[in-house]
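Student: If you scroll down you'll find the structure; I have some questions about it.
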Amino acid sequence: MKRKFVVAASMAMVATLALSACGGSSDDAAEEGGPVTLSMSGWSLATTPEFQVLADGYMAQNPDVKVELKEYDPVNYNTLLTADLAAGSGPDIIVQKEVKFVSTFQEGGQLVDVTDVELPDDIGGTEAYDIDGASYAVPYRQDSWVVFYNKALYDQAGVEYPDGSWTWDDFAETEEALAAGLEGTAAFGGYQHGWQSTVQGFANAQVPDADILSGDFGHLKEYYERVLKLQDDKAQVDFNTRNANQLTYQGEFGKQKAAMLTMGSWFVATLIAQQAAGEADDFDWGIAPAPQYDESTAGIDNVPVTFGDPTGLGINAAVTGAKLDAAKDFLAYAASEDAALSLAEIGITPALLNDTVVETYFELEGTPDDELTEFAVSTHKTLPENPTSSKTAAIQNILLDLHTAVMSGSEPIGSAIDAAEERFENEIGD
Amino acid sequence: MTGLLAPPEDARALRKLADSPPPRTPRATSPWRRIGRIGLYLVLIVAAAGLFAPFIWMITSSLKTSNEVFSIPVTWVPEIFVWNNYVEIWTKSDMLTWLRNTLFLSVVVTFLQVLTGSFAAYGFARIRFPGRDALFLVYIGTIAVPWQSYMIPQFILLSELKVSNTLWAIVLLQAFGAFGVFLMKQFYETIPEDLSEAARLDGLSEYGIWRRIMLPLSIPALASLALLTFVNTWNDYLGPLIYLRNPDLWTIQLGLKSFVSSLYDTNYALLFAGLVISVIPIAIIFLLGQKYFVEGIATSGMKG
Amino acid sequence: MATTTATEVAAQPPVSPAPPAVSGKRRRSRLRRRNTLLGWSFILPNFLGFALLTLVPIVVLFYMSLTNWNVFGTANWVGFANFERLIGDGSFRISVLNTLYYSALHIPLTFVVALGLALLLNNKLRGVAFFRTAAFFPYITSIVAIAIVWNLLFSPDYGPINEILRFFGMENPPGWLTSSDWAMPAVVIVSTWRDMGYYMILFLAGLQTVPRELHEAARVDGASTIQRFFNVTLPSLRPTTFFVTVMLTINSFKIFDLILVMTEGGPGQSTLVISQFIYTKGFEESQFGYASAASVALFFMCIIVTVAQFLLNKKRSV
């Protein structure tokens, strides 16, 4: 009796799963005419205003549509979203927090094809959402990695400010000079956060013909050797100490423990807010473009190459009818200049970065007003940190293990790269 | 035969008698003994300090500003004491709601777990029926599967039952685990059969035996199970994360994490302040309840 | 279980002698049916919840291990392909070895320390309540705080542990969490420190079941403390030690959150354990079918060891 019960129950479960997997429950039948309510996912709503800004901006232009936000935990966003989508209770507008999950959602049939949504011409970041010739999400925000530098510490060390022409060798030289100049104080030349992207993001984007999807990781060698030298020379805090003490980049740069920092452009808004609240010291700072692979892309006459992933909006495949039209319209709004301007007002770098938007961005109080900063924020060729592919997540995991092994000094870069390439063959192959 | 079964109240009195210190012998006051005892206390105090160290660091960090928490070198004393962290947690966040939810969940889950677990354990320990051992193995086997492995099918199931996003989801998840059954079964096995036999001859039903004999005799086990279940439910983060989406359903762990974090940024000072507040009830419950772990069972007079 | 039949027999009116074999068999099957109903009546409340919420999803999990489900799409049957892939998967092999390494260290260490603590704190020292609470505190302290403080203690250049080792003459103290050779032992130490209070409670409760008369009798007979421990305490403690051993084993095989916060499986893959492998494959790479297969493998690992412990325990208690 007990055995039969279990079998029956499990068959029922499997049936339920199969049913729910085949398309999700569409219990929100389209209402022809009349008010439409769209739900949109978001994280840390109390401290991340961008979602409400987008929602409010759209609702102001379209009074008969209501956009409601669904709060998610930021760290476990994809896990929670996955669970909800699997159970058929996902939001109508799905914010694509990380590019490496887009292909999973798309392959699982969770996203609507939004190729027909009209986008402004000069919007950046759309390649990340192109799969098999169709587009599955619309970018509203594009962050890119730049260099933040502390003018006060530069002065103290007697080093000249960056002029936008750096290659990585110049960057390393400057950091060593800063470290020497700041010897005896608590400040280091630079700070490098523990993420794998601080080394690999640049390497993947800047080295010609580098492609992690091919399983060839030799291009990482030079970048890691440079970083390890900076660590050994004590120009920056070493990886192990950084991890042991769980240092934060906001703390290190904000409390003037490092003269410069490579970080994504999202830090601008945080830094300004922390300086205003007194949580960060009051000092002059600026932004320089990311150091380049070689001279060909360096300098303010060229377009520097850096990396960064866009954040975009997708539409739940369960949405149909009038709701779908409203949803597509909302996506078009999010990519438009109106939305870009309202996002720039709160210190976010939108995907659409034309002159008007850049101007508005710099009107925010606390943003540095020098020319180099403006150049760094507005002019860049930003390549994706995560190429859109179903293999990306697995590859990134292999590379993460490489990162921790090399940076902690447990394994030399040469053998680590060989091991990673072997793992690629073994675990990903084809 | 029933005369040999001392009722629990008398049993406790007997135990107190047995536990009272023996008459002082000259040996007890030897100087070596005293030194040994002092040495023991010293060792215990140093060990206790080590055991409390992370907690002490947590307390001092909760009084720093957020950018001061992590630094090199590590600071144990804050530069300025930011008492405001506690005020902020208590007033600006929804701490009372979280406390209420967490308390509700912990109490209900503990009650159900102890009740159904000890009830089922009696069936496994004392009653022989076909398939008993195999079924018990299945119970234990389920403990062997990590929760995140079957989390998604479980979530889909609970969503279909429309219980997801209610507190009952957590109750259902935690109250019927195999751990309680396993623990109580092991303890029931230490209770001599003769007691139950005697009671059966007196006409007591199996349910009566469970209530009148097994339960009172297994207070240490019940107390342990209750405490561990309470602590686990109180500190549970992943379960509430997946199932409790409405902010007014959040538990302390969930609410705190959300209150202090944004995508790249977590205000650890605030978080630690909240965690300190959250640990206090458990510490108090433990201090008050730990004497039940060592409450004796009277089996004196019974030959096993 | 002769008592029940005795009662039944006593209650029945005398009957003319019937062929004993038949009536005995009927009585036995009636007894078995009665016991089955009785047993199930006790188990049912717990079993209903358990079956619905735990057993059913786990059965689904087993089914999923034979498919290539990625949570959203349909689950296509692939038979044992996932398991074949597991066998050839280098990372999985590493995670199994790491898990076994962790368990081999953690289980005996925690067992001994927890038992020792329970024995030590099972008496009426003044302030014993405080010390018991201290032993339990690591278990209720936030894992984040634990990870940070122990990271500091283990810091190779500045940490107190290496300072002490250097003081005693060790020239090259281990790199602990920064070294792929020493990260796992470091994790074991922290994990034992955290778990000992938990198992101490279980042992404390178990020690209460040791009959005092046996102790007294042994003392009167002249047995030393150690002899009493091995000949009286330990044997009486068997149900508890069995329980603790099984739980310790299963929890060690399943270890996840502490390692995740302390090392995230690093440096490299030196502290990658099976649970993290499952989580990564399932939730970060969305290969749920494959992750389910790994879960099933972990399940069988635990079951084999548990059954062995069961059989050993049965043999000992006969």
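To be explicit about the labels: the chains of the structure tokens are called A, B, and onward in the order shown, and within each one the residues are counted from 1, while ligands get numbers from 1 in the order they are shown.
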Report as a list of chain:residue names all protein, DNA and RNA residues lying within 8 Å of Val232 (chain C), evaluated on only C-alpha atoms, omitting residues in the same chain fewer than 4 positions from it.
Tutor: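 Once the nearby chain positions are removed, what remains is C:Val210, C:Leu214, C:His215, C:Ala218, C:Gln227, C:Arg228, C:Ser236.
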Student: Name the residues in contact with Thr185 (chain A) at a cut-off of 12 Å, using only C-alpha atoms, excluding same-chain residues fewer than 4 positions from it; report them as an NGL selection string.
Tutor: :A and (153 or 156-157 or 178-181 or 189 or 256-259)
Student: For CA of Ala317 (chain A) and CA of Val112 (chain A), quote the distance in Å rounded to one decimal.
Tutor: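 Interatomic distance, CA of Ala317 (chain A) to CA of Val112 (chain A): 4.9 Å.
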Student: Set the distance at 12 Å and use only C-alpha atoms: which residues neighbour Ala294 (chain C) once local chain neighbours fewer than 6 positions away are removed? I'd like the list as a ChimeraX atom specification.
Tutor: /B:145-146,148-150 /C:61-62,64-66,80,82-87,89,91-93,95-96,254,273-282,287-288,300-301
Student: Could I get the residues of chain C with an atom no further than 6 Å from an atom of chain B, each paired with its nearest atom pair and that distance in Å to one decimal, using only C-alpha atoms, sorted by chain and residue number, as a Markdown table?
Tutor:
```
| residue | atom | partner | partner_atom | distance |
| --- | --- | --- | --- | --- |
| C:Asn35 | CA | B:Phe129 | CA | 5.6 |
| C:Thr36 | CA | B:Phe129 | CA | 4.9 |
| C:Gly39 | CA | B:Gly123 | CA | 4.8 |
| C:Phe42 | CA | B:Ala120 | CA | 5.0 |
| C:Ile43 | CA | B:Ala120 | CA | 4.0 |
| C:Asn46 | CA | B:Thr116 | CA | 5.1 |
| C:Gly49 | CA | B:Phe176 | CA | 5.5 |
| C:Phe50 | CA | B:Phe176 | CA | 5.2 |
| C:Pro57 | CA | B:Gln154 | CA | 5.3 |
| C:Ile58 | CA | B:Tyr150 | CA | 5.9 |
| C:Leu61 | CA | B:Tyr150 | CA | 5.9 |
| C:Ala134 | CA | B:Ala48 | CA | 5.5 |
| C:Ala145 | CA | B:Pro54 | CA | 5.8 |
| C:Ile146 | CA | B:Pro54 | CA | 5.6 |
| C:Val149 | CA | B:Pro54 | CA | 5.7 |
| C:Ala205 | CA | B:Pro220 | CA | 4.9 |
| C:Gln208 | CA | B:Gly296 | CA | 5.6 |
| C:Pro239 | CA | B:Gln186 | CA | 5.2 |
| C:Ile250 | CA | B:Ala144 | CA | 5.7 |
| C:Phe299 | CA | B:Ala144 | CA | 5.4 |
| C:Cys302 | CA | B:Ala144 | CA | 5.9 |
```
Student: If we count only C-alpha atoms, which residues of chain C reach to within 8 Å of chain A? Please list them as a ChimeraX atom specification.
Tutor: /C:51,55-57,59-60,70-75,88-90,148,151-152,155,178-180,266-269,281,283-286
Student: Could the residues of chain A within 6 Å of chain B, counting only C-alpha atoms, be given as a list of chain:residue names, please?
Tutor: A:Ser44, A:Thr47, A:Pro74, A:Ala87, A:Asn245, A:Leu247, A:Gly251
Student: Just N, CA and C atoms for this one: save the residues we selected as a short mmCIF file (atom, residue, chain, number, x, y, z; two decimals), in the first residue's frame.
Tutor:
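And here's again-v3.cif as it stands now:
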```
data_model
loop_
_atom_site.label_atom_id
_atom_site.label_comp_id
_atom_site.auth_asym_id
_atom_site.auth_seq_id
_atom_site.Cartn_x
_atom_site.Cartn_y
_atom_site.Cartn_z
N SER A 44 16.52 44.78 -4.08
CA SER A 44 16.87 45.82 -3.10
C SER A 44 16.15 47.12 -3.40
N THR A 47 17.14 50.46 -1.81
CA THR A 47 18.40 51.16 -2.09
C THR A 47 18.72 51.22 -3.57
N PRO A 74 18.97 40.42 -3.96
CA PRO A 74 19.93 40.66 -5.05
C PRO A 74 20.93 39.53 -5.26
N ALA A 87 7.65 27.57 -11.39
CA ALA A 87 6.34 27.34 -10.78
C ALA A 87 5.26 28.14 -11.46
N ASN A 245 40.30 39.48 5.07
CA ASN A 245 39.69 40.60 5.77
C ASN A 245 38.41 41.09 5.10
N LEU A 247 37.75 42.75 2.47
CA LEU A 247 37.76 44.17 2.15
C LEU A 247 36.72 44.49 1.10
N GLY A 251 34.85 50.59 0.72
CA GLY A 251 35.60 50.97 1.91
C GLY A 251 37.02 51.38 1.57
#
```
Student: Neighbouring residues of Tyr102 (chain C) were defined as those with any atom within 10 Å, considering only C-alpha atoms; residues of the same chain fewer than 2 positions away were excluded. Please report them as a VMD selection string.
Tutor: chain C and resid 96 to 100 104 to 107 184 to 185 187 to 188 191 252 to 253 255 271 273
Student: Which residue is closest to Gln142 (chain A)? Choose from A:Phe202, A:Tyr361, A:Phe253, A:Trp266 and count only C-alpha atoms.
Tutor: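 Using only C-alpha atoms, Gln142 (chain A) sits closest to A:Trp266.
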Student: For a quick check of understanding, using only C-alpha atoms, which of A:Glu385, A:Asp130, A:Asp121, A:Asp329 has the smallest distance to Gln206 (chain A)?
Tutor: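 Residue with the minimum atom-to-atom distance to Gln206 (chain A): A:Glu385.
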Student: Show me, as a PyMOL selection string, the residues that have an atom within 9 Å of Pro156 (chain C) when counting only C-alpha atoms, minus same-chain residues fewer than 4 positions from it.
Tutor: chain C and resi 152+160-163+173-178
Student: Write out as an MDAnalysis selection string the set of residues from region 196-271 of chain C that DSSP, computed on the backbone, places in alpha helix (DSSP H).
Tutor: chainID C and resid 196:207 212:220 225:228 234:236 238:253 257:262
Student: Can I get the selection written as a compact mmCIF listing (two decimals), in the first residue's frame, with N, CA and C atoms?
Tutor:
```
# COMPACT_ATOMS: atom_id res chain seq x y z
N MET C 196 30.71 21.28 17.55
CA MET C 196 30.88 20.47 18.75
C MET C 196 29.78 20.74 19.78
N GLY C 197 29.31 21.99 19.86
CA GLY C 197 28.25 22.28 20.82
C GLY C 197 26.97 21.54 20.48
N TYR C 198 26.69 21.45 19.19
CA TYR C 198 25.48 20.78 18.72
C TYR C 198 25.48 19.32 19.13
N TYR C 199 26.59 18.62 18.86
CA TYR C 199 26.63 17.20 19.20
C TYR C 199 26.83 16.99 20.69
N MET C 200 27.43 17.99 21.34
CA MET C 200 27.56 17.90 22.79
C MET C 200 26.20 17.79 23.45
N ILE C 201 25.25 18.55 22.96
CA ILE C 201 23.90 18.49 23.53
C ILE C 201 23.32 17.10 23.39
N LEU C 202 23.51 16.51 22.21
CA LEU C 202 22.97 15.17 22.01
C LEU C 202 23.63 14.17 22.95
N PHE C 203 24.94 14.32 23.13
CA PHE C 203 25.63 13.41 24.05
C PHE C 203 25.18 13.66 25.49
N LEU C 204 25.01 14.92 25.86
CA LEU C 204 24.55 15.23 27.22
C LEU C 204 23.24 14.52 27.51
N ALA C 205 22.32 14.64 26.57
CA ALA C 205 21.03 13.98 26.77
C ALA C 205 21.23 12.47 26.85
N GLY C 206 22.10 11.95 26.01
CA GLY C 206 22.32 10.51 26.02
C GLY C 206 22.97 10.01 27.29
N LEU C 207 23.85 10.85 27.86
CA LEU C 207 24.53 10.42 29.09
C LEU C 207 23.54 10.23 30.23
N ARG C 212 22.83 4.71 36.74
CA ARG C 212 23.83 5.04 37.77
C ARG C 212 24.28 3.84 38.56
N GLU C 213 23.35 2.89 38.74
CA GLU C 213 23.71 1.74 39.58
C GLU C 213 24.89 0.99 39.00
N LEU C 214 24.93 0.94 37.65
CA LEU C 214 26.04 0.22 37.03
C LEU C 214 27.36 0.91 37.37
N HIS C 215 27.33 2.24 37.31
CA HIS C 215 28.53 3.00 37.68
C HIS C 215 28.94 2.69 39.11
N GLU C 216 27.95 2.76 40.01
CA GLU C 216 28.23 2.53 41.43
C GLU C 216 28.78 1.13 41.63
N ALA C 217 28.12 0.19 40.97
CA ALA C 217 28.57 -1.20 41.12
C ALA C 217 30.01 -1.34 40.65
N ALA C 218 30.30 -0.71 39.53
CA ALA C 218 31.67 -0.84 38.99
C ALA C 218 32.66 -0.16 39.93
N ARG C 219 32.25 0.97 40.48
CA ARG C 219 33.18 1.67 41.38
C ARG C 219 33.46 0.82 42.61
N VAL C 220 32.37 0.23 43.14
CA VAL C 220 32.53 -0.63 44.30
C VAL C 220 33.47 -1.79 43.97
N THR C 225 38.39 5.13 36.63
CA THR C 225 37.50 5.98 35.82
C THR C 225 37.51 5.54 34.37
N ILE C 226 38.73 5.27 33.85
CA ILE C 226 38.82 4.91 32.44
C ILE C 226 38.10 3.59 32.18
N GLN C 227 38.31 2.64 33.08
CA GLN C 227 37.65 1.35 32.89
C GLN C 227 36.14 1.52 32.94
N ARG C 228 35.70 2.37 33.85
CA ARG C 228 34.27 2.59 33.94
C ARG C 228 33.74 3.20 32.65
N LEU C 234 30.28 3.86 27.74
CA LEU C 234 30.19 3.71 26.29
C LEU C 234 29.16 2.69 25.84
N PRO C 235 29.16 1.49 26.44
CA PRO C 235 28.14 0.53 25.97
C PRO C 235 26.72 1.04 26.19
N SER C 236 26.49 1.68 27.34
CA SER C 236 25.13 2.16 27.59
C SER C 236 24.76 3.28 26.65
N ARG C 238 25.28 3.40 23.56
CA ARG C 238 25.28 2.99 22.17
C ARG C 238 24.17 3.60 21.31
N PRO C 239 22.92 3.63 21.74
CA PRO C 239 21.93 4.24 20.84
C PRO C 239 22.31 5.67 20.48
N THR C 240 22.85 6.41 21.46
CA THR C 240 23.23 7.80 21.18
C THR C 240 24.44 7.87 20.26
N THR C 241 25.45 7.04 20.51
CA THR C 241 26.63 7.12 19.65
C THR C 241 26.27 6.71 18.23
N PHE C 242 25.36 5.76 18.12
CA PHE C 242 24.93 5.38 16.78
C PHE C 242 24.28 6.57 16.08
N PHE C 243 23.38 7.22 16.79
CA PHE C 243 22.68 8.37 16.24
C PHE C 243 23.67 9.46 15.83
N VAL C 244 24.58 9.78 16.76
CA VAL C 244 25.53 10.85 16.47
C VAL C 244 26.40 10.49 15.29
N THR C 245 26.85 9.23 15.24
CA THR C 245 27.72 8.83 14.13
C THR C 245 27.00 8.95 12.80
N VAL C 246 25.77 8.46 12.76
CA VAL C 246 25.05 8.53 11.49
C VAL C 246 24.82 9.98 11.08
N MET C 247 24.36 10.82 12.01
CA MET C 247 24.10 12.22 11.67
C MET C 247 25.38 12.93 11.28
N LEU C 248 26.45 12.66 12.03
CA LEU C 248 27.74 13.29 11.71
C LEU C 248 28.18 12.90 10.30
N THR C 249 28.03 11.62 9.99
CA THR C 249 28.45 11.17 8.67
C THR C 249 27.65 11.87 7.58
N ILE C 250 26.33 11.81 7.72
CA ILE C 250 25.50 12.40 6.67
C ILE C 250 25.75 13.90 6.57
N ASN C 251 25.82 14.57 7.71
CA ASN C 251 26.06 16.02 7.65
C ASN C 251 27.42 16.35 7.06
N SER C 252 28.41 15.49 7.31
CA SER C 252 29.73 15.75 6.74
C SER C 252 29.72 15.56 5.24
N PHE C 253 29.03 14.53 4.79
CA PHE C 253 28.96 14.32 3.34
C PHE C 253 28.24 15.46 2.66
N ASP C 257 27.25 25.09 3.46
CA ASP C 257 27.24 26.54 3.66
C ASP C 257 28.51 27.08 4.32
N LEU C 258 29.08 26.34 5.24
CA LEU C 258 30.28 26.87 5.89
C LEU C 258 31.43 27.01 4.89
N ILE C 259 31.60 25.97 4.07
CA ILE C 259 32.69 26.01 3.09
C ILE C 259 32.44 27.12 2.08
N LEU C 260 31.18 27.27 1.69
CA LEU C 260 30.87 28.30 0.71
C LEU C 260 31.29 29.66 1.22
N VAL C 261 30.98 29.96 2.47
CA VAL C 261 31.29 31.27 3.00
C VAL C 261 32.79 31.41 3.26
N MET C 262 33.45 30.33 3.66
CA MET C 262 34.87 30.47 4.01
C MET C 262 35.77 30.48 2.79
```
